[in-house]
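Inspection log for the structure reproduced underneath, given as structure tokens.
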Amino acid sequence: MSWPRRVVSAAFVLTMLVVPPWLLTTLAGPPLPGWPTGAQMRSWIADPLNQHTLTAALTTLAWLVWLGLACTVAVTAARRARARARWLRRLPLPTPWQAAATTVAGAAALNTAHIPTVDTPPPPVSASTGTLHPHDGAADTQTGDGVTVPGGWLPDTTAQQVAAAAALVWLRRRRAYQPGQPSTDDSDLAPLPNTVTAVRTALTDADTQQPPATPATAALPALPTPCVALTGDGAADAARGILLTRLLAAMRDPQDTTRLLITHTALTTLLPDISTDTEIPGLRVVNTVDQAATLISSLINAPPPRGGGAGHPDLLLLTDPPNAPTAAQLATLHHAGATVVMLGAGPPGTTWSIDGHGHTRDEDTGRAGPRLCVLDCTAATDLLAVIAHPAGEREHPVTEPAPPQRQPAETGHARIPRQAGADRRAAAPDIPAVTNPHLQVRVLGRPALLAGGEPVTIRRSAALQVLVLLAVHPEGATTTDLVQAIWPGLPAHTVTGRLYTTLSDLRAAIRTAAGVSVLRHIEDRYHLDPDRVDVDLWRLHAAARNAATALSDHAPAWQMVIDTYTGDLAAGHTWAWIDPPREATRRLVLDAYASAAAAQTDPHHRLRILQDAIRVDPYNQTLHQLAADQLNALGDADAAARLMDGYQRRLQLVGIAASDQPAPTSR
């Protein structure tokens, strides 16, 4: 509430507290002039409805109403005073060392010549989930406080590792895509699970999505040895957090390295919905404790894996307390380098009681321990999706792009995948070319809104996201679609007001710059007016449709697609929803490059086309293999070897191991 409204409200309350009693005292006298006498009581009984008694009744009622108002104001003021007192008690005060340091710094500042400077005004603050209350269900983050998501809490380092693993998922999809090959399977363009999206959004809003400076193992506090038993309401959630944290730390280990052992009973208890054909790197599932002990011994005695790294598991999770013989066997595993974690009370060792927020307490000493990552079944399953690899994952051989074929006009459009939460799947409509448009929306490369060739300032980050979203979805988007994309994890009704403010700000910026309104709301869906705005992404789709339906002379059509693509969709932005449409748009131009190269008869020109395609996507294996084959055909085997060697180093640099790559097939 702004200060003028506060002043008016305070004046109104003060008036209601002062004026009524003054009027009543002036007109009717004091509220209690005295007790009624016997004569007055007999007169009232004889004639109860006279003028005097009615006036007294109305006066008493007025005093009671005023008393109720005064009590309400007093209670409200007391409640606010108590809340302010609690806030003041939690206010951190400087320690003696901090006070001394501040005094020294202040004295030094007073003795230093002051040089006036002009500060650059801070950029507009974008709407973010970080400004909402955690109980609203959104991902929330503060520096050093971790990230709260629906279903759990993650330390900052773990959240950053989740974001890095999500980026690796999309890099693997880019690597495996085969440009120019006909395919109707868009499953690898599906958005990542909701919890992953919430974590990435929280990190983006807090501007902390950077590689962690601390070691990956710092996300998991040191566990007591030789074993620790987890009890309390948050024991199962903490066990899932330990599982995820350890597997994230193992992502950069050499292939086939085992970091964690878990019994089959424990796995099905913690993650009942996990698929049985899912392969999780770094995890080994055993049936019994005896089998785990045997496996640990074999791993310890085995030669170290190539590339270094741990060769034996660091953790062993159990659901039920082991029996006496098994407990004695588990106690010896510590000397082999393994730590045992059990759900429930177990053999002699440390017992941690864990609450639902991950706070630990030693049952023996009563001391508070470190806070652990806690995840429920849904959150843990979502986050494991960025680590696990389905068994039998497709590995296609590298082949020549298929020859161009004419596609029916009704299916020849370039399809952009539906975002998570959309109510329907709608194909991009045919957008007619706009002559002399009032506005130009550029979303290929750095997004921008141009009016007469001049950029229009969009102050809110959420407004820029709305603009790009509507460019990606020319069929329109509902309020729910926009909220779920920009503020994932939040119920739509909790941020509808924020969305309306964002849309109003966007409309005002467009109207001020161009004098027209291009944001339309028809049948509960928001659209960009195709008659008044030119969108480069729509022109790319039109060029892709023309290339797909051309009967002859395909080269100019493919070249039009290549020329229209001026950069990645919304380049430079890490919005959680942008990856599926960004990758789908990139594939349009990669298909054009591959088809143009396949139809080219000049080998040198064909090589140049493939090299240009590699610049668009330097992680695609098919393009590198085709270029290497072309170099070999031209007799330059050294250049082909250098190309593939640089490609392997590039993948390893981002965390994709050589053994994680599908083996190329020579033609």
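All residue names refer to the structure tokens as shown: chains lettered A, B, ... in order, residues numbered from 1 in each chain, ligands numbered from 1 in order.
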Problem - Polymer residues at most 12 Å from Asp524 in chain A, only C-alpha atoms, same-chain spacing of 5 or more positions, as a ChimeraX atom specification - result: /A:475-482
Exercise for the section: For Pro603 in chain A, please output as a PyMOL selection string all residues within 12 Å (counting only C-alpha atoms; exclusion window: fewer than 6 positions along the same chain). Expected result: chain A and resi 597+609-610+626-627+629-635
Same residues, N, CA and C atoms, saved as a PDB file, in the first residue's frame:
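As written to disk, result_1.pdb reads:
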```pdb
ATOM      1  N   ALA A 597      23.064 -30.243 -49.013  1.00  0.00           N
ATOM      2  CA  ALA A 597      24.356 -30.911 -49.208  1.00  0.00           C
ATOM      3  C   ALA A 597      24.191 -32.209 -49.971  1.00  0.00           C
ATOM      4  N   ILE A 609      28.848 -26.492 -47.443  1.00  0.00           N
ATOM      5  CA  ILE A 609      27.501 -26.498 -46.847  1.00  0.00           C
ATOM      6  C   ILE A 609      27.506 -27.241 -45.514  1.00  0.00           C
ATOM      7  N   LEU A 610      28.188 -28.394 -45.460  1.00  0.00           N
ATOM      8  CA  LEU A 610      28.260 -29.154 -44.215  1.00  0.00           C
ATOM      9  C   LEU A 610      29.021 -28.385 -43.139  1.00  0.00           C
ATOM     10  N   LEU A 626      29.372 -36.784 -41.699  1.00  0.00           N
ATOM     11  CA  LEU A 626      29.226 -36.521 -43.131  1.00  0.00           C
ATOM     12  C   LEU A 626      30.359 -35.639 -43.646  1.00  0.00           C
ATOM     13  N   ALA A 627      30.730 -34.624 -42.866  1.00  0.00           N
ATOM     14  CA  ALA A 627      31.835 -33.761 -43.288  1.00  0.00           C
ATOM     15  C   ALA A 627      33.150 -34.532 -43.314  1.00  0.00           C
ATOM     16  N   ASP A 629      33.511 -37.767 -43.810  1.00  0.00           N
ATOM     17  CA  ASP A 629      33.458 -38.650 -44.981  1.00  0.00           C
ATOM     18  C   ASP A 629      33.753 -37.875 -46.264  1.00  0.00           C
ATOM     19  N   GLN A 630      33.252 -36.642 -46.336  1.00  0.00           N
ATOM     20  CA  GLN A 630      33.498 -35.840 -47.537  1.00  0.00           C
ATOM     21  C   GLN A 630      34.975 -35.462 -47.636  1.00  0.00           C
ATOM     22  N   LEU A 631      35.594 -35.151 -46.490  1.00  0.00           N
ATOM     23  CA  LEU A 631      37.029 -34.862 -46.506  1.00  0.00           C
ATOM     24  C   LEU A 631      37.832 -36.091 -46.928  1.00  0.00           C
ATOM     25  N   ASN A 632      37.459 -37.269 -46.452  1.00  0.00           N
ATOM     26  CA  ASN A 632      38.139 -38.491 -46.877  1.00  0.00           C
ATOM     27  C   ASN A 632      37.967 -38.726 -48.369  1.00  0.00           C
ATOM     28  N   ALA A 633      36.757 -38.434 -48.881  1.00  0.00           N
ATOM     29  CA  ALA A 633      36.527 -38.604 -50.315  1.00  0.00           C
ATOM     30  C   ALA A 633      37.378 -37.642 -51.135  1.00  0.00           C
ATOM     31  N   LEU A 634      37.690 -36.474 -50.577  1.00  0.00           N
ATOM     32  CA  LEU A 634      38.537 -35.505 -51.274  1.00  0.00           C
ATOM     33  C   LEU A 634      40.022 -35.788 -51.056  1.00  0.00           C
ATOM     34  N   GLY A 635      40.332 -36.845 -50.306  1.00  0.00           N
ATOM     35  CA  GLY A 635      41.725 -37.221 -50.097  1.00  0.00           C
ATOM     36  C   GLY A 635      42.415 -36.502 -48.959  1.00  0.00           C
TER      37      GLY A 635
END
```
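One finds CA of Leu343 in chain A at 24.6 Å from CA of Val147 in chain A.
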Under the rule of at most 12 Å, produce a per-residue listing of range 540-582 of chain A near range 171-183 of chain A: chain, number, name, the closest pair of atoms, and the distance in Å, as CSV, using only C-alpha atoms.
```
residue,atom,partner,partner_atom,distance
A:Ala548,CA,A:Pro182,CA,11.2
A:Trp558,CA,A:Gly180,CA,11.5
A:Asp579,CA,A:Leu171,CA,10.5
A:Pro580,CA,A:Arg173,CA,10.6
A:Arg582,CA,A:Arg174,CA,11.0
```
Can I get the selected residues back with C-alpha atoms, as a PDB file, in the first residue's frame?
```pdb
ATOM      1  CA  ALA A 548       8.781 -29.380 -48.055  1.00  0.00           C
ATOM      2  CA  TRP A 558      16.372 -24.806 -49.012  1.00  0.00           C
ATOM      3  CA  ASP A 579      14.544 -25.530 -25.117  1.00  0.00           C
ATOM      4  CA  PRO A 580      11.886 -27.575 -27.011  1.00  0.00           C
ATOM      5  CA  ARG A 582      14.545 -23.712 -29.796  1.00  0.00           C
TER       6      ARG A 582
END
```
Handout entry: Distance query Ser353 in chain A at most 9 Å, only C-alpha atoms, self and fewer than 5 positions along chain excluded, as a ChimeraX atom specification
Key = /A:229-235,359-363
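One finds CA of Ser43 in chain A at 21.6 Å from CA of Leu61 in chain A.
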Exercise for the section: Any chance you could list, as a PyMOL selection string, the residues in range 504-642 of chain A that come up alpha helix (DSSP H) when DSSP is run on the backbone? Expected result: chain A and resi 504-514+536-549+554-564+579-599+603-616+621-633+637-642
